[in-house]
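As structure tokens, the structure follows; a few thoughts come after it.
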Amino acid sequence: MIPWAEKYRPKKLNEVVGNFEAKKKILDFIKDFSRQRKKAVMLHGPAGSGKTSIAYTLALGFNYEIIEMNASDFRTKQQIHEVIGQALKQQSLFSKGKLILVDEVDGITGTRDRGGLRELIRLISETTFPIILVANDAWQSKLRPLRSKTQFIELKTIDKEILFSLLKKIAKKEKIKISDDALECISSTVKGDARAAITDLQVLSSAHKEITKKNALDLCYREKDENIFNSLRRIFKSKGGVLKAFDNVQNINNNDLFLWIDENLPLEYQGKELVKAYDALSKADVFRGRIRRWQHWRFLVYINAFLTEGISNSKEKSKQDYTSYKPPSRILKIWIANQKQAKRKEIAEKLAKIIHTSKKRAYKELPFLEITFQNNIPITNL
Amino acid sequence: MLRHKIYKNFSSFLKMAKVKGQKEESMIWTEKYRPREFSEVLGHPEIVKRAKAFVQNQNMPHLLFSGPAGSGKTTLALIVAKKFFGPSWNENFLELNASDERGIDVVRRKVKSFARTKAFSGPFKIIFLDESDALTKEAQQALRRTMEIFTGTCRFILSCNISSKIIDPIQSRCSVFRFKLLDKKDTAKIIERIAKQEKFKINNKAIESLCDVSHGDLRRVINILQASASITKNIDENTIYEIIAEAKPADIKSILELALRGSFLDARNKLLDVMLKQGLSGLDIIKAVQREIWNLNIKEEEKLKLVEKCGETEFRLVEGSDDFIQLESLLASFILAKK
């Protein structure tokens with residue numbers, strides 16, 4: 001089975017959804033390439049926004065041969081020279097010209113791919129063919145030397161309305177029965193990632209004949225939760241070596257992380273271990289308070305250390321048995337309690353004036369007075 | 001549903017005053033039986049004597065009333081004001097509660113604008129700042145100059161639980177009155193006085209336990225008494241415990257005992273419950289825990305260790321961001337305490 005994300009990869013530039021401005025910019029760049037001062041463009045933006053697709057559709061549209069290097073290739077100075085440098089020297093046999101695509105530029109690492117970036121920069125200044133660089137995060141400091149030689153074009157996440165109509169088209173072609181609200185659900189939960197949207201649609205269609213909103217919701221949440229469950233399992237079960245346990249957890253912010261750990265910690269640890277683990281959690285929280293107070297975000301490092309290694313190392317030895325984890329319940333409880341107590345606070349405020357005291361104190365006395373109120377309702381009001 | 005019922009009960013309770021042709025205040029016994037004369041104030045003969053002298057001389061310094069909750073600070077301040085100004089006391093007396101309005105703005109706006117103008121009758125106005133230990137340091141600094149500038153038109157009565165939370169410059173501008181909790185004898189007198197007026201019976205054991213559960217806080221005593229009397233006209237110690245159980249489903253001690261027995265999950269769930277139901281802050285809980293540690297059935301040296309942990313937790317609570325996590329960390333250390 002071909003992944004639909006490949007099957008429906010755009011063939012023409014105007015089939016790439018969204019980012020109209022960026023598409024026009026890069027089209028102009030290729031058209032007027034001979035007059036460009038900067039001989040390369042850097043397409044950067046979040047995953048699934050269409051960076052690679054744009055490069056490929058351009059090559060197809062202009063009938064250029066595409067020379068691609070991506071993160072799966074070694075990209076040392078020598079390698080880059082061999083692949084790209086050679087390509088630049090020769091004219092293409094069958095096509096009008098060539099297009100050099102260096103995918104995942106931000107993945108060129110300092111040690112493994114020694115000298116790779118410098119060679120790339122040298123090639124940009126002498127190229128006769130357009131070079132397209134692609135990166136998720138173009139603002140890394142190691143990419144700084146590229147800025148003077150390269151035109152930066154930013155791609156944004158795709159609007160959910162656009163994703164919706166894209167999915168609708170695909171669903172029609174694949175003859176899938178899916179409700180509009182299910183499509184909407186997919187389009188809004190993928191956060192502007194077209195590839196993820198198409199993949200989700202395929203996964204759902206292979207599991208269900210008719211896709212409802214509930215199916216779609218299940219998929220989104222299951223994926224999200226599985227991530228955090230796995231991380232928790234690593235921290236709670238193994239001893240040490242878990243510093244990166246939360247690195248891949250997406251959609252969950254730091255505060256939620258505290259709640260997840262807090263909720264499940266007592267399910268896993270007992271006695272001495274529990275005391276130690278809570279001490280680590282408490283220390284992490286202290287650093288969270290310090291970040292809030294001083295806006296010194298580097299403290300995040302310590303939070304992470306205490307949440308991962310700190311909690312993991314609180315145990316004597318690693319654990320084997322299965323524990324099922326629960327999503328945090330505290331926030332919900334607080335919310336329900338607040339709803340219930342809004343009126344009580346109102347009463348406490350009125351009461352405070354009558355009995356010459358603070359609202360806080362009146363609130364504390366309220367439970368006793370409540371009994372008095374209850375048993376003294378005048379008969380006319382019953 | 002539930003909320004609505006409470007609200008309805010409350011307002012219809014206050015409406016009863018109208019039916020009887022009385023003020024709303026008279027419905028609540030803490031107000032109805034609040035002393036109106038110096039002679040009715042029990043437990044502080046020296047303080048009362050001096051306060052009486054101020055009224056007779058028609059002059060007084062700034063005052064600082066310091067003492068635990070329910071010991072009579074507000075009562076005395078109200079009597080002083082009423083005696084100074086007579087029927088127009090309301091116009092010359094400003095009551096502010098610092099724990100509700102604790103910022104510097106209150107001092108700058110409300111206090112200053114009231115202090116600026118001359119009194120309608122009597123030599124000066126009185127500003128009563130209740131729970132002034134809740135005022136921020138900045139607000140206290142602002143207050144300090146205000147107290148001096150407006151001495152011509154205005155006197156301050158500050159009340160606080162802990163006088164060390166009041167900055168020195170303010171303390172030195174005030175005559176400090178230290179209130180103590182009423183002893184059992186005086187409390188019993190008051191209870192019997194109310195029983196006679198409200199026509200209910202209460203036995204000695206009930207009075208004893210009432211004093212115990214309220215730790216000498218007279219406001220609490222009277223509120224429990226009124227709740228008890230709303231159930232029965234024959235109050236014994238069981239009535240008192242019933243009321244306590246209904247008003248406070250779980251106390252800190254039972255939570256700590258759960259933790260001591262090793263059922264941490266139950267303990268923490270109950271803790272969250274209590275905090276939410278009674279609207280308690282992390283600091284409230286720490287205070288209560290620290291008090292209860294001494295009453296627990298564990299080895300003496302363990303108690304000291306736990307109190308130390310309490311202190312560390314309080315520090316982290318101030319530094320950290322999630323009170324509940326810090327409290328759980330404290331609660332966890334009770335598991336290891338040896339009996």
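Chain lettering (A, B, ...) mirrors the order of the structure tokens, residue numbering begins at 1 for each chain separately, and ligand numbering begins at 1 in order of display.
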
Mind dumping a table of every chain A residue within 7 Å of chain B, with the nearest atom pair and its distance in Å to one decimal, using only C-alpha atoms, sorted by chain and rising number, as CSV?
```
residue,atom,partner,partner_atom,distance
A:Pro266,CA,B:Leu265,CA,6.4
A:Gly271,CA,B:Ile335,CA,6.3
A:Lys272,CA,B:Leu336,CA,7.0
A:Leu274,CA,B:Ala332,CA,6.7
A:Val275,CA,B:Ala332,CA,5.2
A:Tyr278,CA,B:Ser329,CA,4.8
A:Asp279,CA,B:Ser329,CA,5.9
A:Ser282,CA,B:Gln326,CA,5.5
A:Asp285,CA,B:Gly320,CA,5.3
A:Val286,CA,B:Gly320,CA,3.7
A:Phe287,CA,B:Gly320,CA,6.6
A:Arg288,CA,B:Ser321,CA,6.1
A:Gly289,CA,B:Gly320,CA,4.0
A:Arg290,CA,B:Glu319,CA,6.6
A:Ile334,CA,B:Leu276,CA,6.7
A:Ala337,CA,B:Leu276,CA,6.0
A:Lys340,CA,B:Arg3,CA,6.2
A:Lys343,CA,B:Arg3,CA,6.1
A:Ile354,CA,B:Glu25,CA,5.9
A:Ile355,CA,B:Glu31,CA,6.1
A:Thr357,CA,B:Asn97,CA,6.9
A:Ser358,CA,B:Asn97,CA,5.8
A:Lys359,CA,B:Asp100,CA,6.6
A:Lys364,CA,B:Gln278,CA,6.9
A:Pro367,CA,B:Ala247,CA,4.9
A:Phe368,CA,B:Ala247,CA,5.8
A:Leu369,CA,B:Ala227,CA,6.3
A:Ile371,CA,B:Ala227,CA,5.5
A:Thr372,CA,B:Ala227,CA,4.5
A:Phe373,CA,B:Asn9,CA,5.6
A:Gln374,CA,B:Asn9,CA,5.9
A:Asn375,CA,B:Ser230,CA,5.7
A:Asn376,CA,B:Phe13,CA,6.6
A:Ile377,CA,B:Phe13,CA,6.0
A:Pro378,CA,B:Met16,CA,6.7
```

Mind listing the helix (DSSP H, G or I) residues of segment 120-149 of chain B, per DSSP on the backbone, as number ranges by chain? B: 132-134, 137-149

Residues of segment 167-311 of chain A classed as strand (DSSP E) by DSSP on the backbone are to be reported as a ChimeraX atom specification. /A:177-178,210-211

Could you write those residues out with N, CA, C and O atoms, as a PDB file, in the first residue's frame?
```pdb
ATOM      1  N   LYS A 177     -16.312   7.149   2.990  1.00  0.00           N
ATOM      2  CA  LYS A 177     -17.443   7.817   3.638  1.00  0.00           C
ATOM      3  C   LYS A 177     -16.942   8.462   4.928  1.00  0.00           C
ATOM      4  O   LYS A 177     -16.517   7.761   5.855  1.00  0.00           O
ATOM      5  N   ILE A 178     -16.973   9.735   4.947  1.00  0.00           N
ATOM      6  CA  ILE A 178     -16.512  10.429   6.164  1.00  0.00           C
ATOM      7  C   ILE A 178     -17.342  11.683   6.368  1.00  0.00           C
ATOM      8  O   ILE A 178     -17.660  12.397   5.408  1.00  0.00           O
ATOM      9  N   GLU A 210     -17.072   3.659   7.678  1.00  0.00           N
ATOM     10  CA  GLU A 210     -17.602   5.024   7.721  1.00  0.00           C
ATOM     11  C   GLU A 210     -16.936   5.745   8.885  1.00  0.00           C
ATOM     12  O   GLU A 210     -16.950   5.251  10.008  1.00  0.00           O
ATOM     13  N   ILE A 211     -16.360   6.888   8.578  1.00  0.00           N
ATOM     14  CA  ILE A 211     -15.586   7.560   9.623  1.00  0.00           C
ATOM     15  C   ILE A 211     -16.431   8.648  10.284  1.00  0.00           C
ATOM     16  O   ILE A 211     -16.983   9.525   9.611  1.00  0.00           O
TER      17      ILE A 211
END
```

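The residue set within 10 Å of Val55 of chain B, counting only C-alpha atoms and dropping same-chain residues fewer than 6 places from it, reads Val80, Ala81, Lys82, Lys83, Phe84 and Phe85 of chain B.
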
Go ahead and dump the residues you just picked, C-alpha atoms, as a compact mmCIF listing (two decimals), in the first residue's frame.
```
# COMPACT_ATOMS: atom_id res chain seq x y z
CA VAL B 80 -14.32 52.73 71.57
CA ALA B 81 -15.74 54.27 68.39
CA LYS B 82 -19.31 54.21 69.64
CA LYS B 83 -18.34 55.76 72.96
CA PHE B 84 -16.31 58.50 71.31
CA PHE B 85 -18.88 59.57 68.77
```

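Shortest separation to Glu161 of chain A among A:Gly85, A:Ser34, A:Glu309, A:Gly18 occurs at residue A:Gly18, atoms counted being only C-alpha atoms.
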
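By chain and then residue number, the residues within 9 Å of Val107 of chain B are Ala139, Gln140, Ala142, Leu143 and Thr146 of chain B, counting only C-alpha atoms and disregarding those fewer than 6 positions away in sequence.
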
Kindly save the residues from that selection, with N, CA, C and O atoms included, as a CSV table (one decimal), in the first residue's frame.
```
chain,number,residue,atom,x,y,z
B,139,ALA,N,2.6,48.9,51.7
B,139,ALA,CA,1.4,49.6,52.2
B,139,ALA,C,1.6,50.1,53.6
B,139,ALA,O,1.2,51.2,54.0
B,140,GLN,N,2.4,49.3,54.4
B,140,GLN,CA,2.7,49.7,55.7
B,140,GLN,C,3.6,50.9,55.7
B,140,GLN,O,3.4,51.8,56.5
B,142,ALA,N,3.6,53.2,53.5
B,142,ALA,CA,2.8,54.3,53.1
B,142,ALA,C,1.9,54.8,54.3
B,142,ALA,O,1.7,56.0,54.4
B,143,LEU,N,1.5,53.8,55.1
B,143,LEU,CA,0.7,54.1,56.2
B,143,LEU,C,1.4,55.0,57.3
B,143,LEU,O,0.8,55.8,57.9
B,146,THR,N,1.2,58.6,56.7
B,146,THR,CA,-0.2,59.0,56.8
B,146,THR,C,-0.5,59.2,58.2
B,146,THR,O,-1.2,60.1,58.6
```

Neighbour list for segment 187-189 of chain A as a PyMOL selection string, cut-off 10 Å, only C-alpha atoms, skip fewer than 2 positions in-chain: chain A and resi 158-167+181-185+191-194+196-198+200-201+216-217+220-221

Let me see the file: selected residues, N, CA and C atoms, as a compact mmCIF listing (two decimals), in the first residue's frame.
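See part-v9.txt below for the written result:
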```
# COMPACT_ATOMS: atom_id res chain seq x y z
N ILE A 158 -0.42 25.27 7.34
CA ILE A 158 -1.56 25.39 6.42
C ILE A 158 -2.85 25.64 7.23
N ASP A 159 -3.64 26.59 6.74
CA ASP A 159 -4.92 26.86 7.41
C ASP A 159 -5.80 25.62 7.42
N LYS A 160 -6.59 25.50 8.46
CA LYS A 160 -7.38 24.27 8.56
C LYS A 160 -8.49 24.21 7.51
N GLU A 161 -8.94 25.37 7.02
CA GLU A 161 -9.96 25.36 5.97
C GLU A 161 -9.38 24.76 4.70
N ILE A 162 -8.12 25.13 4.41
CA ILE A 162 -7.47 24.61 3.21
C ILE A 162 -7.27 23.10 3.34
N LEU A 163 -6.84 22.67 4.53
CA LEU A 163 -6.65 21.24 4.77
C LEU A 163 -7.96 20.50 4.60
N PHE A 164 -9.02 21.13 5.10
CA PHE A 164 -10.34 20.52 5.02
C PHE A 164 -10.70 20.21 3.57
N SER A 165 -10.52 21.19 2.68
CA SER A 165 -10.93 20.96 1.29
C SER A 165 -9.98 19.97 0.61
N LEU A 166 -8.70 19.98 1.04
CA LEU A 166 -7.75 19.00 0.50
C LEU A 166 -8.18 17.58 0.86
N LEU A 167 -8.51 17.38 2.16
CA LEU A 167 -8.93 16.06 2.62
C LEU A 167 -10.21 15.63 1.93
N ASP A 181 -17.76 16.74 9.99
CA ASP A 181 -17.17 17.13 11.28
C ASP A 181 -15.96 16.27 11.62
N ALA A 182 -15.92 15.04 11.06
CA ALA A 182 -14.71 14.23 11.25
C ALA A 182 -13.55 14.86 10.49
N LEU A 183 -13.84 15.31 9.25
CA LEU A 183 -12.80 15.98 8.47
C LEU A 183 -12.31 17.23 9.20
N GLU A 184 -13.27 17.97 9.73
CA GLU A 184 -12.91 19.19 10.47
C GLU A 184 -11.99 18.85 11.63
N CYS A 185 -12.35 17.77 12.31
CA CYS A 185 -11.58 17.35 13.47
C CYS A 185 -10.15 17.04 13.09
N LYS A 191 -2.67 20.60 13.42
CA LYS A 191 -1.91 21.85 13.58
C LYS A 191 -1.19 22.26 12.30
N GLY A 192 -1.93 22.25 11.19
CA GLY A 192 -1.37 22.80 9.96
C GLY A 192 -0.39 21.91 9.23
N ASP A 193 -0.32 20.66 9.59
CA ASP A 193 0.61 19.73 8.95
C ASP A 193 -0.15 18.91 7.91
N ALA A 194 0.06 19.21 6.61
CA ALA A 194 -0.72 18.56 5.56
C ALA A 194 -0.41 17.07 5.48
N ALA A 196 0.58 15.06 7.88
CA ALA A 196 -0.07 14.37 8.99
C ALA A 196 -1.56 14.21 8.73
N ALA A 197 -2.19 15.23 8.14
CA ALA A 197 -3.62 15.18 7.88
C ALA A 197 -3.94 14.03 6.92
N ILE A 198 -3.15 13.95 5.85
CA ILE A 198 -3.41 12.90 4.86
C ILE A 198 -3.17 11.52 5.47
N ASP A 200 -3.40 10.66 8.64
CA ASP A 200 -4.51 10.37 9.56
C ASP A 200 -5.73 9.84 8.81
N LEU A 201 -6.01 10.50 7.68
CA LEU A 201 -7.18 10.10 6.89
C LEU A 201 -7.02 8.65 6.42
N ALA A 216 -12.38 10.00 14.65
CA ALA A 216 -11.30 10.97 14.43
C ALA A 216 -10.73 11.44 15.76
N LEU A 217 -11.62 11.75 16.69
CA LEU A 217 -11.18 12.22 18.01
C LEU A 217 -10.34 11.16 18.71
N CYS A 220 -6.78 11.09 17.44
CA CYS A 220 -5.94 12.21 17.87
C CYS A 220 -5.50 12.02 19.31
N TYR A 221 -6.48 11.68 20.17
CA TYR A 221 -6.14 11.61 21.59
C TYR A 221 -5.27 10.41 21.90
```

Exercise: Leu58 of chain A partners within 9 Å, only C-alpha atoms, chain neighbours under 2 positions left out, as a ChimeraX atom specification: /A:11-13,26-27,30,53-56,60-64,99

Dump as a compact mmCIF listing (two decimals), in the first residue's frame, selection limited to all heavy atoms:
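And here's out00.txt as it stands now:
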```
# COMPACT_ATOMS: atom_id res chain seq x y z
N LYS A 11 1.87 17.45 -8.06
CA LYS A 11 2.69 17.34 -9.27
C LYS A 11 3.01 18.73 -9.82
O LYS A 11 3.99 18.92 -10.52
CB LYS A 11 1.93 16.55 -10.35
CG LYS A 11 1.46 15.16 -9.89
CD LYS A 11 2.58 14.17 -9.91
CE LYS A 11 2.12 12.76 -9.52
NZ LYS A 11 1.39 12.69 -8.23
N LYS A 12 2.10 19.66 -9.57
CA LYS A 12 2.31 21.03 -10.07
C LYS A 12 2.37 21.98 -8.89
O LYS A 12 1.78 21.71 -7.83
CB LYS A 12 1.14 21.45 -10.97
CG LYS A 12 1.10 20.71 -12.27
CD LYS A 12 -0.13 21.18 -13.04
CE LYS A 12 -0.50 20.17 -14.12
NZ LYS A 12 -1.94 20.24 -14.42
N LEU A 13 3.06 23.11 -9.12
CA LEU A 13 3.24 24.06 -8.03
C LEU A 13 1.90 24.53 -7.47
O LEU A 13 1.73 24.67 -6.26
CB LEU A 13 4.05 25.27 -8.50
CG LEU A 13 4.47 26.24 -7.41
CD1 LEU A 13 5.34 25.57 -6.37
CD2 LEU A 13 5.21 27.44 -8.00
N ILE A 26 9.35 32.03 -4.77
CA ILE A 26 10.33 31.04 -5.25
C ILE A 26 10.21 30.83 -6.76
O ILE A 26 11.20 30.59 -7.45
CB ILE A 26 10.21 29.71 -4.47
CG1 ILE A 26 11.44 28.84 -4.79
CG2 ILE A 26 8.94 28.96 -4.77
CD1 ILE A 26 11.65 27.71 -3.84
N LEU A 27 9.00 31.00 -7.28
CA LEU A 27 8.82 30.90 -8.73
C LEU A 27 9.62 32.01 -9.42
O LEU A 27 10.33 31.76 -10.41
CB LEU A 27 7.33 31.03 -9.06
CG LEU A 27 6.91 30.63 -10.47
CD1 LEU A 27 7.21 29.16 -10.70
CD2 LEU A 27 5.42 30.89 -10.68
N ILE A 30 13.37 31.19 -9.50
CA ILE A 30 13.81 30.24 -10.52
C ILE A 30 13.77 30.88 -11.91
O ILE A 30 14.69 30.76 -12.71
CB ILE A 30 12.93 28.96 -10.51
CG1 ILE A 30 12.91 28.32 -9.13
CG2 ILE A 30 13.39 27.97 -11.58
CD1 ILE A 30 14.07 27.44 -8.79
N SER A 53 7.79 19.42 -1.31
CA SER A 53 6.86 19.38 -2.44
C SER A 53 7.08 20.55 -3.38
O SER A 53 7.04 20.39 -4.60
CB SER A 53 5.42 19.40 -1.93
OG SER A 53 5.13 18.19 -1.30
N ILE A 54 7.29 21.71 -2.83
CA ILE A 54 7.51 22.89 -3.67
C ILE A 54 8.74 22.67 -4.55
O ILE A 54 8.71 22.91 -5.77
CB ILE A 54 7.67 24.16 -2.80
CG1 ILE A 54 6.30 24.55 -2.24
CG2 ILE A 54 8.24 25.31 -3.62
CD1 ILE A 54 6.34 25.75 -1.32
N ALA A 55 9.82 22.18 -3.95
CA ALA A 55 11.04 21.96 -4.72
C ALA A 55 10.79 20.97 -5.86
O ALA A 55 11.19 21.22 -7.01
CB ALA A 55 12.14 21.44 -3.79
N TYR A 56 10.09 19.87 -5.55
CA TYR A 56 9.87 18.86 -6.59
C TYR A 56 8.95 19.36 -7.70
O TYR A 56 9.19 19.12 -8.87
CB TYR A 56 9.30 17.58 -5.97
CG TYR A 56 10.41 16.63 -5.56
CD1 TYR A 56 10.98 16.71 -4.30
CD2 TYR A 56 10.92 15.70 -6.46
CE1 TYR A 56 12.02 15.87 -3.93
CE2 TYR A 56 11.97 14.87 -6.12
CZ TYR A 56 12.52 14.94 -4.84
OH TYR A 56 13.55 14.12 -4.50
N LEU A 60 9.76 19.61 -11.76
CA LEU A 60 8.90 19.03 -12.77
C LEU A 60 8.41 20.09 -13.75
O LEU A 60 8.43 19.89 -14.96
CB LEU A 60 7.69 18.34 -12.11
CG LEU A 60 7.91 16.91 -11.61
CD1 LEU A 60 6.72 16.46 -10.77
CD2 LEU A 60 8.09 15.96 -12.81
N GLY A 61 7.96 21.20 -13.18
CA GLY A 61 7.38 22.26 -14.00
C GLY A 61 8.38 22.83 -14.99
O GLY A 61 8.05 23.13 -16.14
N PHE A 62 9.61 23.00 -14.58
CA PHE A 62 10.62 23.58 -15.47
C PHE A 62 11.38 22.51 -16.25
O PHE A 62 12.30 22.83 -16.98
CB PHE A 62 11.61 24.42 -14.66
CG PHE A 62 11.04 25.75 -14.24
CD1 PHE A 62 10.39 25.90 -13.03
CD2 PHE A 62 11.15 26.85 -15.09
CE1 PHE A 62 9.86 27.12 -12.66
CE2 PHE A 62 10.63 28.08 -14.71
CZ PHE A 62 9.97 28.22 -13.49
N ASN A 63 11.02 21.27 -16.02
CA ASN A 63 11.72 20.14 -16.63
C ASN A 63 13.21 20.15 -16.29
O ASN A 63 14.07 20.08 -17.17
CB ASN A 63 11.50 20.13 -18.15
CG ASN A 63 11.98 18.81 -18.76
OD1 ASN A 63 12.10 17.80 -18.05
ND2 ASN A 63 12.26 18.83 -20.06
N TYR A 64 13.48 20.35 -14.97
CA TYR A 64 14.86 20.31 -14.50
C TYR A 64 15.13 18.94 -13.89
O TYR A 64 14.24 18.33 -13.30
CB TYR A 64 15.10 21.36 -13.40
CG TYR A 64 15.21 22.78 -13.90
CD1 TYR A 64 15.19 23.83 -12.99
CD2 TYR A 64 15.36 23.06 -15.25
CE1 TYR A 64 15.30 25.13 -13.41
CE2 TYR A 64 15.46 24.37 -15.69
CZ TYR A 64 15.43 25.40 -14.76
OH TYR A 64 15.53 26.68 -15.18
N LEU A 99 18.32 21.24 -10.78
CA LEU A 99 17.91 21.90 -9.56
C LEU A 99 18.54 21.12 -8.40
O LEU A 99 18.35 19.91 -8.31
CB LEU A 99 16.39 21.87 -9.44
CG LEU A 99 15.82 22.67 -8.28
CD1 LEU A 99 15.47 24.07 -8.74
CD2 LEU A 99 14.58 22.00 -7.74
```

Leaving out Lys89 of chain A and any residue of its chain fewer than 4 positions from it, which residues lie within 12 Å of it when counting only C-alpha atoms, given as an MDAnalysis selection string? chainID A and resid 81:85 97:98 123 126:129

Print the selection's residues with all heavy atoms to a file, as a CSV table (one decimal), in the first residue's frame.
```csv
chain,number,residue,atom,x,y,z
A,81,HIS,N,30.9,17.8,-2.0
A,81,HIS,CA,31.6,18.1,-3.2
A,81,HIS,C,31.4,17.1,-4.3
A,81,HIS,O,31.2,17.5,-5.4
A,81,HIS,CB,33.1,18.2,-2.8
A,81,HIS,CG,33.9,18.7,-4.0
A,81,HIS,ND1,34.0,20.0,-4.4
A,81,HIS,CD2,34.7,18.0,-4.9
A,81,HIS,CE1,34.7,20.2,-5.4
A,81,HIS,NE2,35.2,19.0,-5.8
A,82,GLU,N,31.5,15.8,-3.9
A,82,GLU,CA,31.3,14.8,-4.9
A,82,GLU,C,29.9,14.9,-5.6
A,82,GLU,O,29.8,14.8,-6.8
A,82,GLU,CB,31.5,13.4,-4.3
A,82,GLU,CG,33.0,13.0,-4.4
A,82,GLU,CD,33.2,11.7,-3.6
A,82,GLU,OE1,32.3,11.0,-3.4
A,82,GLU,OE2,34.4,11.6,-3.1
A,83,VAL,N,28.9,14.9,-4.8
A,83,VAL,CA,27.5,14.9,-5.3
A,83,VAL,C,27.2,16.2,-6.0
A,83,VAL,O,26.8,16.2,-7.2
A,83,VAL,CB,26.5,14.5,-4.3
A,83,VAL,CG1,25.1,14.6,-4.9
A,83,VAL,CG2,26.8,13.2,-3.7
A,84,ILE,N,27.2,17.3,-5.3
A,84,ILE,CA,26.8,18.5,-5.8
A,84,ILE,C,27.8,19.2,-6.7
A,84,ILE,O,27.5,19.6,-7.9
A,84,ILE,CB,26.3,19.5,-4.7
A,84,ILE,CG1,25.2,18.8,-3.9
A,84,ILE,CG2,25.9,20.8,-5.3
A,84,ILE,CD1,24.8,19.6,-2.7
A,85,GLY,N,29.0,19.2,-6.3
A,85,GLY,CA,30.1,19.8,-7.1
A,85,GLY,C,30.2,19.2,-8.5
A,85,GLY,O,30.3,19.9,-9.5
A,97,GLY,N,17.8,21.7,-17.4
A,97,GLY,CA,18.8,22.2,-16.5
A,97,GLY,C,18.7,21.3,-15.2
A,97,GLY,O,18.2,20.2,-15.3
A,98,LYS,N,19.3,21.8,-14.2
A,98,LYS,CA,19.3,21.1,-12.9
A,98,LYS,C,18.8,21.9,-11.8
A,98,LYS,O,18.9,23.1,-11.8
A,98,LYS,CB,20.8,20.6,-12.6
A,98,LYS,CG,21.2,19.5,-13.5
A,98,LYS,CD,22.6,19.1,-13.1
A,98,LYS,CE,23.2,18.1,-14.1
A,98,LYS,NZ,24.6,17.9,-13.9
A,123,LEU,N,30.0,26.3,-2.6
A,123,LEU,CA,29.3,25.9,-3.9
A,123,LEU,C,28.2,26.9,-4.2
A,123,LEU,O,28.0,27.2,-5.4
A,123,LEU,CB,28.7,24.5,-3.7
A,123,LEU,CG,29.7,23.3,-3.7
A,123,LEU,CD1,29.0,22.0,-3.3
A,123,LEU,CD2,30.4,23.2,-5.0
A,126,GLU,N,29.5,29.7,-6.4
A,126,GLU,CA,29.9,29.5,-7.7
A,126,GLU,C,28.9,28.7,-8.6
A,126,GLU,O,29.2,28.3,-9.7
A,126,GLU,CB,31.3,28.8,-7.7
A,126,GLU,CG,31.3,27.5,-7.0
A,126,GLU,CD,32.7,26.9,-7.0
A,126,GLU,OE1,33.7,27.7,-6.7
A,126,GLU,OE2,32.8,25.7,-7.2
A,127,THR,N,27.7,28.5,-8.0
A,127,THR,CA,26.8,27.6,-8.8
A,127,THR,C,26.2,28.3,-10.0
A,127,THR,O,26.1,29.5,-10.1
A,127,THR,CB,25.6,27.2,-7.9
A,127,THR,OG1,24.7,26.3,-8.6
A,127,THR,CG2,24.8,28.4,-7.4
A,128,THR,N,25.9,27.4,-11.0
A,128,THR,CA,25.2,28.0,-12.2
A,128,THR,C,23.8,27.5,-12.2
A,128,THR,O,23.0,27.8,-13.1
A,128,THR,CB,25.9,27.5,-13.5
A,128,THR,OG1,26.2,26.1,-13.3
A,128,THR,CG2,27.2,28.2,-13.7
A,129,PHE,N,23.4,26.6,-11.3
A,129,PHE,CA,22.1,26.1,-11.2
A,129,PHE,C,21.4,26.5,-9.9
A,129,PHE,O,22.2,26.7,-8.9
A,129,PHE,CB,22.1,24.5,-11.2
A,129,PHE,CG,22.6,23.9,-12.5
A,129,PHE,CD1,23.7,23.1,-12.5
A,129,PHE,CD2,22.0,24.2,-13.7
A,129,PHE,CE1,24.2,22.6,-13.6
A,129,PHE,CE2,22.5,23.7,-14.9
A,129,PHE,CZ,23.6,22.9,-14.8
```

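Atom CA of Ser141 of chain A lies 12.3 Å from atom CA of Leu117 of chain A.
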
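For the pair atom CA of Asn313 of chain A and atom CA of Lys276 of chain A, the interatomic distance is 8.8 Å.
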
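Comparing the minimum interatomic distances between Ala119 of chain B and each of B:Gln141, B:Ser132, B:Gln56, B:Thr153, counting only C-alpha atoms, we find that B:Thr153 sits nearest.
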
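Compared by their closest atoms to Ile311 of chain A, and using only C-alpha atoms, the residues A:Val17, A:Lys350, A:Ser238, A:Ile252 rank with A:Ser238 nearest.
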